[in-house]
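Working notes for the structure below.
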Amino acid sequence: MQTLIKNGLVYTNQQLHHADVLIEDEKIKAISPDINVSADVTCIDAQDKLVTPGLVDIHVHFREPGFTHKETIDSGSLAAAHGGFTTVCAMPNLNPVPNTAQLLKAQIKRNQTDGHIKINQYAPITNDLTSTDLTDAAALKAAGAIALTNDGKGVQSAGTMYDAMLLAKAVDLPIVAHVEDDSLVRGGVMNAGVTAEKLGLPGILSVSESSQVARDIALAAATGAHYHICHISTAESIRQVREAKKAGISVTCEVTPHHLVLDDTMITHDDPMMKMNPPLRGFEDRQALIAGLIDGTIDCIATDHAPHSAEEKAGSMRTAPFGITGSETAFAVLYTQLVRTRMVSLSQLLAALTHKPAAVLKLNAGQLQAAQPADIAIFDLNTAHTIQVSDFVSKGKNTPFIGDTVYGWPTATYVNGQKIHFPI
Ligand SMILES: NC(=O)N[C@@H](CC(=O)O)C(=O)O
Ligand SMILES: [Zn+2]
Ligand SMILES: [Zn+2]
């Protein structure tokens with residue numbers, strides 16, 4: 001079976017070209033201008049559209065098993081596809097936590113059975129995500145884990161992190177860290193600063209992140225482990241990563257779309273849709289994140305898609321859970337706010353959403369090239385779209401971007417040459 005995507009603006013070999021893309025069965029057959037094929041090929045008109053490798057998101061929460069009222073592997077992976085993502089890495093803050101080879105294998109099987117896209121699975125660093133009992137890194141790697149992470153909770157003890165890094169290094173798995181020193185959080189629900197004071201809400205100190213980043217960079221230097229920082233959010237953390245990279249320490253990091261386009265000066269009232277972990281930081285932090293993305297200090301963008309139910313996210317920031325969704329709005333929000341404003345080039349944005357995240361975790365994804373799997377996303381760069389609750393395939397509607405008018409809404413996603421169909 002052949003499908004021809006005609007006349008798109010195609011992102012291939014890290015460059016944008018006007019070209020046609022020919023899919024044959026599960027693979028890309030050819031990418032070049034003016035491909036001519038026989039009459040029985042399915043032809044897709046991509047004039048004025050952007051055609052990219054399926055996007056890669058190395059940080060999502062699919063909530064199954066344990067929290068299926070928030071999301072399932074079915075709904076979460078369909079939401080990712082709806083946003084143009086064809087490869088994701090799913091977090092292990094589930095119930096039960098997939099902390100043994102047997103549980104992890106069962107999770108990977110569920111991902112394969114119910115997933116609409118390619119789902120890689122993280123395993124935990126410690127057995128219950130909070131203790132100091134390390135998991136069996138070798139067994140989890142053999143069972144299929146792509147990396148170890150306790151996302152949702154920082155590893156509180158330096159000794160635990162040091163031992164975890166040694167074990168991870170021995171089996172060549174990255175440590176993927178949610179960096180947060182609980183002793184500096186102090187019951188905060190948003191970034192500590194002028195806005196929190198004005199709203200009378202308890203603040204989370206920015207050093208709750210950067211002090212743990214400093215600790216862990218020192219531990220990564222000492223152990224030689226690959227240390228990847230989740231959802232980096234402060235100027236001081238960026239400064240440390242920049243220095244560590246210069247010193248040749250094996251550190252990488254990701255940033256979320258929301259930390260790039262929102263900051264705490266935009267929080268006007270007690271709004272649970274603006275509550276996530278790490279919190280939206282200050283204006284200067286956000287500028288440092290954008291600069292870090294442009295100069296390569298930040299390796300990639302990852303959504304931290306964190307769905308919660310409407311009931312959970314109703315009420316006050318004091319009581320609502322941390323987290324917002326991201327899969328379905330990521331590209332359009334970033335394209336509109338960073339590329340159309342000429343702060344970031346389209347190629348830079350696409351690199352951060354395709355081959356660069358794949359490179360961080362050595363995933364075979366994010367390249368649109370002949371002989372590669374036909375994982376493709378198509379976006380409409382020119383039509384304005386106002387984001388509405390009814391746009392979402394995810395069970396989670398908890399996003400601050402509802403009501404925003406954006407460009408770059410996704411129009412089609414292919415996985416292994418198959419077009420994904422959405423129930424909306
Ligand atoms: N980001 C969040 O605010 N919440 C995440 C956990 C996490 O990524 O730390 C979640 O699981 O809901
Ligand atoms: Zn986290
Ligand atoms: Zn997360």
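By order of appearance in the structure tokens: chains A, B, ..., then residues from 1 within every chain, and ligands from 1 in the order shown.
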
Within 7 Å of ligand 2 (counting only C-alpha atoms and all ligand atoms), which residues show up? I'd like them as a PDB file with C-alpha atoms, in the first residue's frame.
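Result file follows (part02.pdb):
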ATOM      1  CA  ASP A 151       9.298  11.417  38.729  1.00  0.00           C
ATOM      2  CA  GLY A 152       6.806  13.146  40.983  1.00  0.00           C
ATOM      3  CA  LYS A 153       9.267  13.013  43.881  1.00  0.00           C
ATOM      4  CA  HIS A 178      12.579  15.084  39.228  1.00  0.00           C
ATOM      5  CA  CYS A 230      13.146  16.516  34.112  1.00  0.00           C
ATOM      6  CA  HIS A 231      11.210  19.750  33.522  1.00  0.00           C
ATOM      7  CA  ASN A 277       5.376  20.878  39.571  1.00  0.00           C
ATOM      8  CA  PRO A 278       7.788  22.501  39.217  1.00  0.00           C
TER       9      PRO A 278
END

| said: Can you pull out every residue with an atom within 10 Å of ligand 3? Use only C-alpha atoms and all ligand atoms and format it as an NGL selection string. | reply: :A and (58-61 or 90-93 or 149-153 or 177-178 or 230-231 or 256 or 276-278 or 302-306 or 322-324)

Pull C-alpha atoms from the residues just selected and write them as a PDB file, in the first residue's frame.
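Listed below is the output, selection_22.pdb:
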ATOM      1  CA  ILE A  58      10.089  11.683  26.719  1.00  0.00           C
ATOM      2  CA  HIS A  59       7.837  12.672  29.654  1.00  0.00           C
ATOM      3  CA  VAL A  60       4.146  11.650  29.885  1.00  0.00           C
ATOM      4  CA  HIS A  61       1.848  10.290  32.607  1.00  0.00           C
ATOM      5  CA  ALA A  90       5.737   6.857  30.149  1.00  0.00           C
ATOM      6  CA  MET A  91       6.391   7.596  33.820  1.00  0.00           C
ATOM      7  CA  PRO A  92       6.183   4.896  36.519  1.00  0.00           C
ATOM      8  CA  ASN A  93       4.198   6.834  39.186  1.00  0.00           C
ATOM      9  CA  THR A 149      13.125   7.752  37.443  1.00  0.00           C
ATOM     10  CA  ASN A 150      11.090   8.591  40.549  1.00  0.00           C
ATOM     11  CA  ASP A 151       9.298  11.417  38.729  1.00  0.00           C
ATOM     12  CA  GLY A 152       6.806  13.146  40.983  1.00  0.00           C
ATOM     13  CA  LYS A 153       9.267  13.013  43.881  1.00  0.00           C
ATOM     14  CA  ALA A 177      15.485  13.080  37.887  1.00  0.00           C
ATOM     15  CA  HIS A 178      12.579  15.084  39.228  1.00  0.00           C
ATOM     16  CA  CYS A 230      13.146  16.516  34.112  1.00  0.00           C
ATOM     17  CA  HIS A 231      11.210  19.750  33.522  1.00  0.00           C
ATOM     18  CA  THR A 256       8.143  21.799  29.266  1.00  0.00           C
ATOM     19  CA  MET A 276       2.081  22.237  38.351  1.00  0.00           C
ATOM     20  CA  ASN A 277       5.376  20.878  39.571  1.00  0.00           C
ATOM     21  CA  PRO A 278       7.788  22.501  39.217  1.00  0.00           C
ATOM     22  CA  ALA A 302       8.969  17.258  26.895  1.00  0.00           C
ATOM     23  CA  THR A 303       5.342  17.916  27.822  1.00  0.00           C
ATOM     24  CA  ASP A 304       5.055  16.349  31.308  1.00  0.00           C
ATOM     25  CA  HIS A 305       1.454  15.566  30.254  1.00  0.00           C
ATOM     26  CA  ALA A 306      -0.126  15.208  33.717  1.00  0.00           C
ATOM     27  CA  PHE A 322       0.011  19.489  40.724  1.00  0.00           C
ATOM     28  CA  GLY A 323       0.015  18.985  36.942  1.00  0.00           C
ATOM     29  CA  ILE A 324      -1.429  20.044  33.599  1.00  0.00           C
TER      30      ILE A 324
END

* Pick from A:Pro202, A:Gly76, A:Gly66, A:Pro307 nearest to ligand 1, counting only C-alpha atoms and all ligand atoms ->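 For ligand 1, the nearest of the candidates is A:Pro307.
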
Q) Quick one: residues within 9 Å of stretch 389-402 of chain A, only C-alpha atoms counted, chain neighbours fewer than 3 positions away excluded, as JSON, numbers by chain? A) {"A": [69, 70, 71, 72, 75, 76, 77, 78, 79, 80, 82, 258, 271, 272, 273, 274, 306, 307, 308, 309, 310, 313, 323, 324, 325, 326, 327, 328, 329, 333, 386, 405, 422, 423, 424]}

Using the selection just defined, write its residues with N, CA and C atoms as an mmCIF file, in the first residue's frame.
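The resulting again_38.cif:
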data_model
loop_
_atom_site.group_PDB
_atom_site.id
_atom_site.type_symbol
_atom_site.label_atom_id
_atom_site.label_comp_id
_atom_site.auth_asym_id
_atom_site.auth_seq_id
_atom_site.Cartn_x
_atom_site.Cartn_y
_atom_site.Cartn_z
ATOM 1 N N HIS A 69 -9.192 6.979 36.254
ATOM 2 C CA HIS A 69 -10.195 8.064 36.130
ATOM 3 C C HIS A 69 -9.537 9.324 35.553
ATOM 4 N N LYS A 70 -8.201 9.414 35.627
ATOM 5 C CA LYS A 70 -7.482 10.579 35.092
ATOM 6 C C LYS A 70 -7.105 10.376 33.621
ATOM 7 N N GLU A 71 -6.677 9.153 33.281
ATOM 8 C CA GLU A 71 -6.187 8.830 31.936
ATOM 9 C C GLU A 71 -5.995 7.331 31.862
ATOM 10 N N THR A 72 -5.956 6.797 30.645
ATOM 11 C CA THR A 72 -5.598 5.388 30.446
ATOM 12 C C THR A 72 -4.526 5.346 29.358
ATOM 13 N N SER A 75 -6.449 6.300 26.184
ATOM 14 C CA SER A 75 -6.768 7.729 26.000
ATOM 15 C C SER A 75 -5.499 8.584 25.940
ATOM 16 N N GLY A 76 -4.514 8.260 26.754
ATOM 17 C CA GLY A 76 -3.287 9.061 26.782
ATOM 18 C C GLY A 76 -2.487 8.935 25.496
ATOM 19 N N SER A 77 -2.418 7.707 24.971
ATOM 20 C CA SER A 77 -1.629 7.523 23.746
ATOM 21 C C SER A 77 -2.364 8.102 22.539
ATOM 22 N N LEU A 78 -3.710 8.074 22.598
ATOM 23 C CA LEU A 78 -4.477 8.694 21.513
ATOM 24 C C LEU A 78 -4.313 10.227 21.570
ATOM 25 N N ALA A 79 -4.288 10.758 22.793
ATOM 26 C CA ALA A 79 -4.068 12.206 22.958
ATOM 27 C C ALA A 79 -2.689 12.594 22.425
ATOM 28 N N ALA A 80 -1.693 11.775 22.718
ATOM 29 C CA ALA A 80 -0.344 12.059 22.211
ATOM 30 C C ALA A 80 -0.362 12.083 20.679
ATOM 31 N N HIS A 82 -2.861 12.664 18.814
ATOM 32 C CA HIS A 82 -3.655 13.832 18.402
ATOM 33 C C HIS A 82 -2.805 15.099 18.404
ATOM 34 N N HIS A 258 4.992 24.626 28.918
ATOM 35 C CA HIS A 258 4.412 25.672 29.793
ATOM 36 C C HIS A 258 5.463 26.503 30.489
ATOM 37 N N ASP A 271 -5.672 29.792 40.775
ATOM 38 C CA ASP A 271 -6.166 29.048 39.606
ATOM 39 C C ASP A 271 -5.453 27.685 39.518
ATOM 40 N N PRO A 272 -6.161 26.602 39.845
ATOM 41 C CA PRO A 272 -5.530 25.261 39.813
ATOM 42 C C PRO A 272 -4.971 24.881 38.442
ATOM 43 N N MET A 273 -5.455 25.503 37.365
ATOM 44 C CA MET A 273 -4.893 25.199 36.035
ATOM 45 C C MET A 273 -3.476 25.759 35.894
ATOM 46 N N MET A 274 -3.088 26.633 36.800
ATOM 47 C CA MET A 274 -1.727 27.181 36.789
ATOM 48 C C MET A 274 -0.871 26.509 37.869
ATOM 49 N N ALA A 306 0.271 15.680 32.379
ATOM 50 C CA ALA A 306 -0.126 15.208 33.717
ATOM 51 C C ALA A 306 -1.629 15.399 33.908
ATOM 52 N N PRO A 307 -2.426 14.462 33.348
ATOM 53 C CA PRO A 307 -3.881 14.619 33.412
ATOM 54 C C PRO A 307 -4.438 14.380 34.813
ATOM 55 N N HIS A 308 -5.447 15.177 35.162
ATOM 56 C CA HIS A 308 -6.218 14.989 36.396
ATOM 57 C C HIS A 308 -7.686 15.215 36.050
ATOM 58 N N SER A 309 -8.588 14.719 36.915
ATOM 59 C CA SER A 309 -10.018 14.879 36.633
ATOM 60 C C SER A 309 -10.455 16.312 36.934
ATOM 61 N N ALA A 310 -11.609 16.687 36.359
ATOM 62 C CA ALA A 310 -12.157 18.033 36.576
ATOM 63 C C ALA A 310 -12.422 18.263 38.063
ATOM 64 N N LYS A 313 -9.238 19.025 39.903
ATOM 65 C CA LYS A 313 -8.637 20.320 39.574
ATOM 66 C C LYS A 313 -9.579 21.496 39.857
ATOM 67 N N GLY A 323 -0.081 19.592 38.271
ATOM 68 C CA GLY A 323 0.015 18.985 36.942
ATOM 69 C C GLY A 323 -0.994 19.521 35.953
ATOM 70 N N ILE A 324 -0.537 19.655 34.706
ATOM 71 C CA ILE A 324 -1.429 20.044 33.599
ATOM 72 C C ILE A 324 -1.155 19.114 32.412
ATOM 73 N N THR A 325 -2.141 19.031 31.520
ATOM 74 C CA THR A 325 -1.954 18.210 30.318
ATOM 75 C C THR A 325 -1.075 18.970 29.325
ATOM 76 N N GLY A 326 -0.576 18.254 28.314
ATOM 77 C CA GLY A 326 0.312 18.944 27.378
ATOM 78 C C GLY A 326 0.371 18.351 25.990
ATOM 79 N N SER A 327 0.012 17.077 25.844
ATOM 80 C CA SER A 327 0.248 16.400 24.565
ATOM 81 C C SER A 327 -0.423 17.095 23.382
ATOM 82 N N GLU A 328 -1.663 17.517 23.576
ATOM 83 C CA GLU A 328 -2.440 17.970 22.420
ATOM 84 C C GLU A 328 -2.197 19.431 22.056
ATOM 85 N N THR A 329 -1.641 20.203 22.981
ATOM 86 C CA THR A 329 -1.439 21.626 22.729
ATOM 87 C C THR A 329 0.026 21.995 22.493
ATOM 88 N N VAL A 333 1.032 25.605 20.720
ATOM 89 C CA VAL A 333 1.370 26.652 21.690
ATOM 90 C C VAL A 333 2.807 27.138 21.462
ATOM 91 N N THR A 386 -8.923 28.322 17.993
ATOM 92 C CA THR A 386 -9.103 28.665 19.402
ATOM 93 C C THR A 386 -9.327 27.386 20.199
ATOM 94 N N THR A 405 -5.883 31.394 21.244
ATOM 95 C CA THR A 405 -5.912 31.214 19.798
ATOM 96 C C THR A 405 -4.497 30.917 19.324
ATOM 97 N N PHE A 422 -9.374 9.665 15.267
ATOM 98 C CA PHE A 422 -9.703 10.185 16.591
ATOM 99 C C PHE A 422 -11.219 10.257 16.789
ATOM 100 N N PRO A 423 -11.681 9.994 18.005
ATOM 101 C CA PRO A 423 -13.129 9.961 18.265
ATOM 102 C C PRO A 423 -13.723 11.362 18.474
ATOM 103 N N ILE A 424 -13.126 12.384 17.884
ATOM 104 C CA ILE A 424 -13.737 13.719 18.040
ATOM 105 C C ILE A 424 -13.843 14.396 16.674
#

For this session: Can you work out which one of A:Ala358, A:Met266, A:Val155, A:Leu350 has the shortest atom-to-atom distance to ligand 1, counting only C-alpha atoms and all ligand atoms?
Result: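 Residue with the minimum atom-to-atom distance to ligand 1: A:Val155.
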
Worksheet entry | Coordinates-based distance that separates atom CA of A:Ile420 from atom CA of A:Leu363 (Å, one decimal) |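 These two atoms are separated by 21.5 Å.
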
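Residues of stretch 132-349 of chain A that DSSP, applied to the backbone, places in strand (DSSP E): Leu148, Thr149, Ile175, Val176, Ala177, Met190, Asn191, Gly203, Ile204, Tyr227, His228, Ile229, Val251, Thr252, Cys253, Glu254, Val255, Cys300 and Ile301 of chain A.
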